[in-house]
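S.K.: Below is the file my_file.txt, with compact mmCIF, C-alpha atoms.
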```
# COMPACT_ATOMS: atom_id res chain seq x y z
CA MET A 29 105.04 41.29 86.55
CA ALA A 30 103.86 38.52 88.77
CA GLN A 31 105.98 39.61 91.71
CA THR A 32 104.78 40.35 95.18
CA SER A 33 105.22 43.94 96.28
CA ALA A 34 107.91 42.88 98.75
CA ASN A 35 109.94 41.30 95.97
CA VAL A 36 109.56 44.37 93.79
CA LYS A 37 110.92 46.51 96.60
CA LYS A 38 113.84 44.19 97.25
CA GLY A 39 114.87 43.92 93.61
CA ASP A 40 114.09 47.54 92.84
CA HIS A 41 117.67 48.71 92.83
CA VAL A 42 118.92 46.20 90.24
CA GLN A 43 119.42 47.91 86.88
CA HIS A 44 118.25 45.94 83.85
CA HIS A 45 121.78 45.51 82.45
CA PHE A 46 122.98 43.51 85.45
CA VAL A 47 122.36 39.81 85.98
CA ASP A 48 121.59 40.26 89.66
CA SER A 49 122.14 42.40 92.71
CA ASP A 50 125.51 40.82 93.51
CA GLN A 51 126.92 41.47 90.05
CA GLN A 52 125.75 45.08 90.25
CA PHE A 53 127.39 45.48 93.67
CA GLU A 54 130.69 43.92 92.56
CA SER A 55 130.76 46.08 89.40
CA ALA A 56 130.21 49.26 91.38
CA LYS A 57 132.89 48.30 93.87
CA MET A 58 135.39 47.48 91.11
CA GLY A 59 134.63 50.83 89.47
CA MET A 60 135.36 52.55 92.77
CA TRP A 61 138.67 50.71 93.13
CA ILE A 62 139.66 51.91 89.66
CA PHE A 63 138.81 55.46 90.76
CA LEU A 64 140.92 54.94 93.90
CA VAL A 65 143.83 53.91 91.67
CA THR A 66 143.61 57.29 89.91
CA GLU A 67 143.43 58.96 93.34
CA ILE A 68 146.59 57.18 94.49
CA LEU A 69 148.42 58.33 91.36
CA PHE A 70 146.93 61.85 91.77
CA PHE A 71 148.41 62.11 95.28
CA GLY A 72 151.42 60.17 94.00
CA GLY A 73 152.53 63.20 92.00
CA LEU A 74 152.65 65.26 95.20
CA PHE A 75 154.44 62.49 97.10
CA LEU A 76 156.97 62.45 94.26
CA ALA A 77 157.50 66.22 94.60
CA TYR A 78 158.02 65.64 98.32
CA ILE A 79 160.60 62.89 97.64
CA VAL A 80 162.52 64.82 94.96
CA PHE A 81 162.82 68.01 97.01
CA ARG A 82 163.67 66.06 100.15
CA SER A 83 166.51 64.37 98.26
CA TRP A 84 167.76 67.82 97.21
CA TYR A 85 167.26 69.67 100.51
CA PRO A 86 167.20 67.10 103.35
CA GLU A 87 168.29 69.68 105.96
CA LEU A 88 165.41 72.01 104.97
CA TYR A 89 162.81 69.35 105.78
CA LEU A 90 164.28 68.76 109.23
CA MET A 91 164.33 72.48 110.01
CA ALA A 92 160.89 73.33 108.61
CA SER A 93 159.16 70.33 110.18
CA ASP A 94 159.88 71.87 113.60
CA HIS A 95 157.22 74.45 112.72
CA LEU A 96 154.53 71.79 112.45
CA ASP A 97 152.91 70.79 115.73
CA THR A 98 153.34 67.03 116.18
CA PHE A 99 150.68 66.99 118.89
CA TRP A 100 147.88 68.31 116.65
CA GLY A 101 149.08 66.13 113.79
CA ALA A 102 148.79 63.10 116.06
CA VAL A 103 145.35 64.20 117.29
CA ASN A 104 144.18 64.48 113.68
CA THR A 105 145.56 61.00 112.96
CA VAL A 106 143.54 59.58 115.86
CA VAL A 107 140.44 61.51 114.69
CA LEU A 108 140.70 60.12 111.15
CA ILE A 109 141.30 56.55 112.34
CA GLY A 110 138.25 56.92 114.57
CA SER A 111 136.21 58.12 111.59
CA SER A 112 137.38 55.15 109.53
CA LEU A 113 136.14 52.90 112.33
CA THR A 114 132.72 54.60 112.39
CA VAL A 115 132.41 54.31 108.59
CA ALA A 116 133.16 50.60 108.84
CA MET A 117 130.52 50.38 111.60
CA ALA A 118 128.07 52.29 109.36
CA ILE A 119 128.55 49.71 106.58
CA ARG A 120 128.01 46.94 109.12
CA SER A 121 124.79 48.63 110.28
CA ALA A 122 123.56 48.84 106.68
CA GLN A 123 124.39 45.16 106.11
CA LEU A 124 122.33 44.26 109.20
CA ASN A 125 119.36 46.51 108.31
CA GLN A 126 120.06 48.73 111.34
CA GLN A 127 118.90 52.05 109.94
CA LYS A 128 119.37 53.93 113.19
CA GLY A 129 122.91 52.61 113.65
CA LEU A 130 123.72 53.56 110.06
CA ILE A 131 122.60 57.16 110.54
CA ILE A 132 124.30 57.50 113.95
CA ASN A 133 127.61 56.12 112.67
CA LEU A 134 127.51 58.40 109.62
CA ALA A 135 126.75 61.37 111.88
CA ILE A 136 129.72 60.55 114.15
CA THR A 137 131.91 60.26 111.05
CA ILE A 138 130.82 63.71 109.87
CA ALA A 139 131.49 65.12 113.36
CA LEU A 140 135.01 63.61 113.39
CA ALA A 141 135.68 64.92 109.87
CA CYS A 142 134.61 68.39 111.03
CA ILE A 143 136.93 68.16 114.05
CA PHE A 144 139.75 67.27 111.64
CA MET A 145 139.00 70.32 109.49
CA VAL A 146 138.72 72.66 112.51
CA ILE A 147 142.16 71.53 113.76
CA LYS A 148 143.51 72.00 110.23
CA TYR A 149 141.97 75.48 110.14
CA PHE A 150 143.77 76.49 113.34
CA GLU A 151 147.05 75.04 112.07
CA TYR A 152 146.73 76.99 108.81
CA THR A 153 145.73 80.30 110.41
CA HIS A 154 148.57 80.02 112.92
CA LYS A 155 151.01 79.70 110.02
CA PHE A 156 149.37 82.54 108.10
CA GLU A 157 149.85 84.79 111.15
CA LEU A 158 153.58 84.01 111.04
CA GLY A 159 153.64 84.84 107.32
CA ILE A 160 154.09 81.23 106.29
CA TYR A 161 152.28 81.22 102.94
CA PRO A 162 152.91 78.90 100.02
CA GLY A 163 155.25 79.72 97.15
CA ALA A 164 156.03 83.33 96.31
CA TYR A 165 153.86 84.67 99.15
CA TYR A 166 156.14 83.15 101.78
CA ALA A 167 157.08 85.93 104.22
CA TYR A 168 158.58 84.30 107.30
CA ASP A 169 162.24 84.62 108.22
CA GLY A 170 162.38 82.21 111.16
CA ILE A 171 163.91 79.39 109.11
CA PRO A 172 167.50 80.03 108.02
CA HIS A 173 167.19 78.38 104.62
CA ASP A 174 166.83 79.91 101.12
CA LYS A 175 164.29 77.38 100.01
CA ALA A 176 162.09 77.35 103.13
CA ASN A 177 159.07 78.25 100.99
CA ILE A 178 159.43 74.98 99.06
CA PHE A 179 158.72 72.83 102.09
CA PHE A 180 155.60 74.83 102.93
CA SER A 181 154.41 74.86 99.32
CA ILE A 182 154.54 71.08 99.42
CA TYR A 183 152.93 71.08 102.87
CA TYR A 184 150.02 73.25 101.74
CA MET A 185 149.50 71.34 98.50
CA MET A 186 149.50 67.92 100.15
CA THR A 187 147.42 68.79 103.22
CA GLY A 188 145.24 71.13 101.14
CA LEU A 189 144.36 68.49 98.56
CA HIS A 190 143.78 66.04 101.39
CA GLY A 191 141.57 68.60 103.15
CA ILE A 192 139.49 69.06 99.98
CA HIS A 193 138.99 65.30 99.96
CA VAL A 194 137.81 65.41 103.58
CA LEU A 195 135.31 68.18 102.68
CA ILE A 196 134.02 66.12 99.72
CA GLY A 197 133.74 63.15 102.09
CA ILE A 198 131.62 65.24 104.49
CA GLY A 199 129.34 66.15 101.57
CA LEU A 200 129.00 62.50 100.53
CA MET A 201 128.23 61.46 104.10
CA ILE A 202 125.47 64.10 104.37
CA TRP A 203 124.01 62.75 101.12
CA LEU A 204 124.14 59.22 102.59
CA ILE A 205 122.31 60.33 105.74
CA VAL A 206 119.58 62.00 103.65
CA ARG A 207 119.11 58.80 101.65
CA ALA A 208 119.34 56.58 104.74
CA ARG A 209 116.56 58.60 106.40
CA LYS A 210 114.39 57.94 103.35
CA GLY A 211 115.06 54.23 103.92
CA HIS A 212 116.97 53.71 100.67
CA PHE A 213 119.53 51.35 102.20
CA HIS A 214 119.05 47.80 103.45
CA SER A 215 121.00 44.55 103.58
CA GLU A 216 120.30 43.90 99.88
CA TYR A 217 121.33 47.37 98.71
CA TYR A 218 123.88 49.57 100.45
CA THR A 219 126.29 50.15 97.55
CA PRO A 220 126.63 53.94 98.05
CA VAL A 221 127.54 53.39 101.73
CA GLU A 222 130.13 50.75 100.82
CA ILE A 223 131.67 52.89 98.08
CA THR A 224 131.78 56.10 100.10
CA GLY A 225 133.40 53.99 102.82
CA LEU A 226 136.13 52.90 100.41
CA TYR A 227 136.74 56.54 99.48
CA TRP A 228 136.86 57.58 103.12
CA HIS A 229 139.34 54.84 104.05
CA LEU A 230 141.62 55.94 101.21
CA VAL A 231 141.54 59.52 102.54
CA ASP A 232 142.54 58.02 105.90
CA ILE A 233 145.39 56.05 104.29
CA ILE A 234 146.74 59.22 102.59
CA TRP A 235 146.82 60.95 105.99
CA ILE A 236 148.54 57.92 107.54
CA PHE A 237 151.45 58.70 105.18
CA LEU A 238 151.25 62.50 105.41
CA PHE A 239 151.50 62.49 109.20
CA PRO A 240 154.96 60.88 109.59
CA LEU A 241 156.32 62.45 106.40
CA LEU A 242 155.43 66.03 107.35
CA TYR A 243 155.14 66.15 111.16
CA LEU A 244 157.41 63.44 112.49
CA ILE A 245 160.75 64.32 110.92
CA ASP A 246 162.86 65.96 113.56
CA MET B 21 123.67 38.90 99.20
CA SER B 22 124.80 36.16 101.48
CA GLY B 23 128.29 36.39 99.94
CA HIS B 24 129.10 39.75 101.50
CA HIS B 25 131.49 39.74 104.37
CA ILE B 26 130.09 41.29 107.54
CA SER B 27 132.72 42.09 110.15
CA SER B 28 131.72 41.82 113.80
CA ALA B 29 131.72 45.04 115.81
CA LYS B 30 134.36 43.54 118.09
CA PHE B 31 136.63 42.87 115.13
CA LEU B 32 136.26 46.40 113.74
CA TRP B 33 137.05 47.91 117.16
CA GLY B 34 140.08 45.61 117.35
CA VAL B 35 141.33 46.89 113.99
CA GLY B 36 140.79 50.48 115.16
CA ILE B 37 142.74 49.85 118.37
CA VAL B 38 145.60 48.22 116.45
CA LEU B 39 145.77 51.34 114.26
CA LEU B 40 145.82 53.61 117.33
CA VAL B 41 148.60 51.54 118.91
CA LEU B 42 150.63 51.77 115.67
CA THR B 43 150.03 55.55 115.64
CA PHE B 44 151.39 55.75 119.17
CA ILE B 45 154.42 53.64 118.18
CA THR B 46 155.19 55.84 115.17
CA VAL B 47 155.20 58.92 117.46
CA ALA B 48 157.10 57.11 120.22
CA VAL B 49 159.98 56.03 117.95
CA THR B 50 160.76 59.71 117.33
CA TRP B 51 161.49 60.09 121.07
CA ILE B 52 164.35 57.62 120.82
CA GLU B 53 166.74 59.12 118.31
CA ILE B 54 167.15 56.56 115.56
CA PRO B 55 170.06 57.58 113.30
CA SER B 56 169.18 58.73 109.79
CA PRO B 57 168.19 57.19 107.36
CA TRP B 58 166.70 54.49 109.58
CA ASN B 59 164.25 56.88 111.24
CA VAL B 60 162.64 57.46 107.82
CA VAL B 61 162.65 53.72 107.08
CA VAL B 62 160.92 52.94 110.39
CA ALA B 63 158.34 55.74 109.91
CA ILE B 64 157.48 54.57 106.39
CA ALA B 65 157.42 50.91 107.43
CA ILE B 66 154.87 51.63 110.20
CA ALA B 67 152.80 53.75 107.80
CA VAL B 68 152.80 50.90 105.24
CA VAL B 69 151.65 48.42 107.90
CA LYS B 70 148.86 50.80 108.98
CA ALA B 71 147.78 51.39 105.37
CA ALA B 72 147.78 47.62 104.75
CA VAL B 73 145.62 47.02 107.85
CA VAL B 74 143.13 49.67 106.68
CA ALA B 75 143.06 48.27 103.13
CA MET B 76 142.64 44.65 104.21
CA PHE B 77 140.24 44.91 107.15
CA PHE B 78 138.38 48.23 106.73
CA MET B 79 138.27 48.21 102.92
CA ASN B 80 137.62 44.46 103.11
CA LEU B 81 140.27 43.49 100.54
CA TRP B 82 141.00 40.44 102.70
CA TRP B 83 137.65 38.93 101.68
CA ASP B 84 137.40 40.66 98.29
CA THR B 85 138.03 39.46 94.74
CA LYS B 86 141.67 39.17 93.74
CA PHE B 87 141.10 41.67 90.97
CA ASN B 88 140.51 44.58 93.39
CA ILE B 89 143.70 43.64 95.25
CA LEU B 90 145.49 43.60 91.90
CA LEU B 91 144.23 47.12 91.16
CA LEU B 92 145.67 48.44 94.42
CA VAL B 93 148.98 46.63 93.94
CA MET B 94 149.26 47.93 90.35
CA SER B 95 148.70 51.52 91.49
CA ILE B 96 151.54 51.13 93.98
CA ILE B 97 153.82 49.59 91.35
CA PHE B 98 153.11 52.42 88.91
CA PHE B 99 153.74 54.98 91.64
CA MET B 100 157.12 53.36 92.31
CA ILE B 101 157.94 53.44 88.59
CA LEU B 102 157.08 57.16 88.60
CA VAL B 103 159.35 57.77 91.59
CA GLY B 104 162.16 55.52 90.33
CA ILE B 105 162.45 56.99 86.86
CA THR B 106 162.17 60.57 88.13
CA LEU B 107 164.89 60.01 90.74
CA LEU B 108 167.19 58.57 88.04
CA ASP B 109 167.13 62.09 86.65
CA THR B 110 166.92 64.36 89.69
CA LEU B 111 169.43 62.52 91.89
CA TYR B 112 172.20 62.86 89.32
CA ARG B 113 171.97 66.53 88.45
CA THR B 114 174.91 68.75 89.32
CA ASP B 115 172.62 71.77 89.73
CA PRO B 116 169.04 70.88 90.77
CA ILE B 117 167.05 73.51 88.90
CA PRO B 118 168.47 76.93 88.06
CA SER B 119 166.93 79.60 90.32
CA PHE B 120 164.83 77.05 92.16
```
Would you mind writing the structure in this file as structure tokens?

M.R.:
Amino acid sequence: MAQTSANVKKGDHVQHHFVDSDQQFESAKMGMWIFLVTEILFFGGLFLAYIVFRSWYPELYLMASDHLDTFWGAVNTVVLIGSSLTVAMAIRSAQLNQQKGLIINLAITIALACIFMVIKYFEYTHKFELGIYPGAYYAYDGIPHDKANIFFSIYYMMTGLHGIHVLIGIGLMIWLIVRARKGHFHSEYYTPVEITGLYWHLVDIIWIFLFPLLYLID
Amino acid sequence: MSGHHISSAKFLWGVGIVLLVLTFITVAVTWIEIPSPWNVVVAIAIAVVKAAVVAMFFMNLWWDTKFNILLLVMSIIFFMILVGITLLDTLYRTDPIPSF
């Protein structure tokens, strides 16, 4: 190969089956969008359960929602929006070859994601103390409705699956920081940052719907 | 990779602030008692606007290929088909589910 070492480094990431770096980037991004489609339909099943049971027991949802703390739900919404902003800033840093900015923004994102999970942990444990467990384990008699366990089953499934996605996102972000510290990302190649960003924004979007649907019905 | 869109920091902060303002609005509308079912309609409408802002300006669909936008729109359409067909059943049952 009659390339200079700088060129070799720049083109290093392009796999032989792609025409060029741009095509590789666009293909990866399209693949991620297809994955996000499956994620939307995955959560869609739970949103459907929410809709069907709300159409059957509208009064239950109004009663049970009183037991969710709107304040902490709102705080978590702000935390996740903030983390979406820092992910977008991380991608911008990678595009501009700002390695330090990339790592700092990813670290802030991880911190915000951890704050989200800590708040979720306190919300869950508070409910467990009251005996509010999902499904057959429901043992709380503060809600005068036969089907009170149904609302909380849906609550735990939706927020639980969302929480698992946040944990996976934290893992991905740690992996990105490790790679960023090794100098793997630069303006020509930052595909993993971009794609993890897409994933993270979708997790944010899911919460944007969960918050009013679960916490804000009075 | 000159074709990639790079948002300015100011723009990204602006998008974040818009999302925070919309979050405040969605909480604030619950303080004024909007009669049902309009409270649900307003809550969902604000959530859809927020999701659209995130998708367009954080996920960069605004500057992206039309195909990726199509993917997102198709997922929403198929979700609505799922909901629509299921509700055609569940809304018209005399007894929801025995023992459930």

S.K.: Could you check which of B:Trp51, B:Trp83, B:Trp58, B:Phe78 is closest to chain A, using only C-alpha atoms?

M.R.: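 Selected residue with least distance to chain A: B:Phe78.
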
S.K.: Determine, counting only C-alpha atoms, which protein, DNA and RNA residues have an atom within 9 Å of an atom of region 47-60 of chain A; residues of the same chain fewer than 4 positions away are not included. Present the result as a list in words.

M.R.: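 Selected residues are Gly39, His41, Val42, Gln43, Leu64, Val65, Glu216, Tyr217, Tyr218, Thr219, Pro220, Glu222, Ile223, Thr224, Leu226 and Tyr227 of chain A; Met21, Gly23, His24, Thr85, Phe87, Asn88 and Leu91 of chain B.
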
S.K.: Compute the set of chain A residues within 7 Å of chain B, using all atoms listed in the file, and express it as a list in words.

M.R.: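 That gives the following set of residues: Asp50, Met58, Trp61, Ile62, Val65, Ile68, Leu69, Gly72, Leu76, Val80, Val106, Ile109, Gly110, Leu113, Ala116, Met117, Arg120, Glu216, Leu226, His229, Ile233, Ile236, Phe237, Pro240 and Leu244 of chain A.
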
S.K.: Within 12 Å of (136.6, 74.3, 107.1) in the file's own coordinates, which protein, DNA or RNA residues have an atom, counting all atoms listed in the file? List them as a PyMOL selection string.

M.R.: chain A and resi 141-153+188+191-196+198
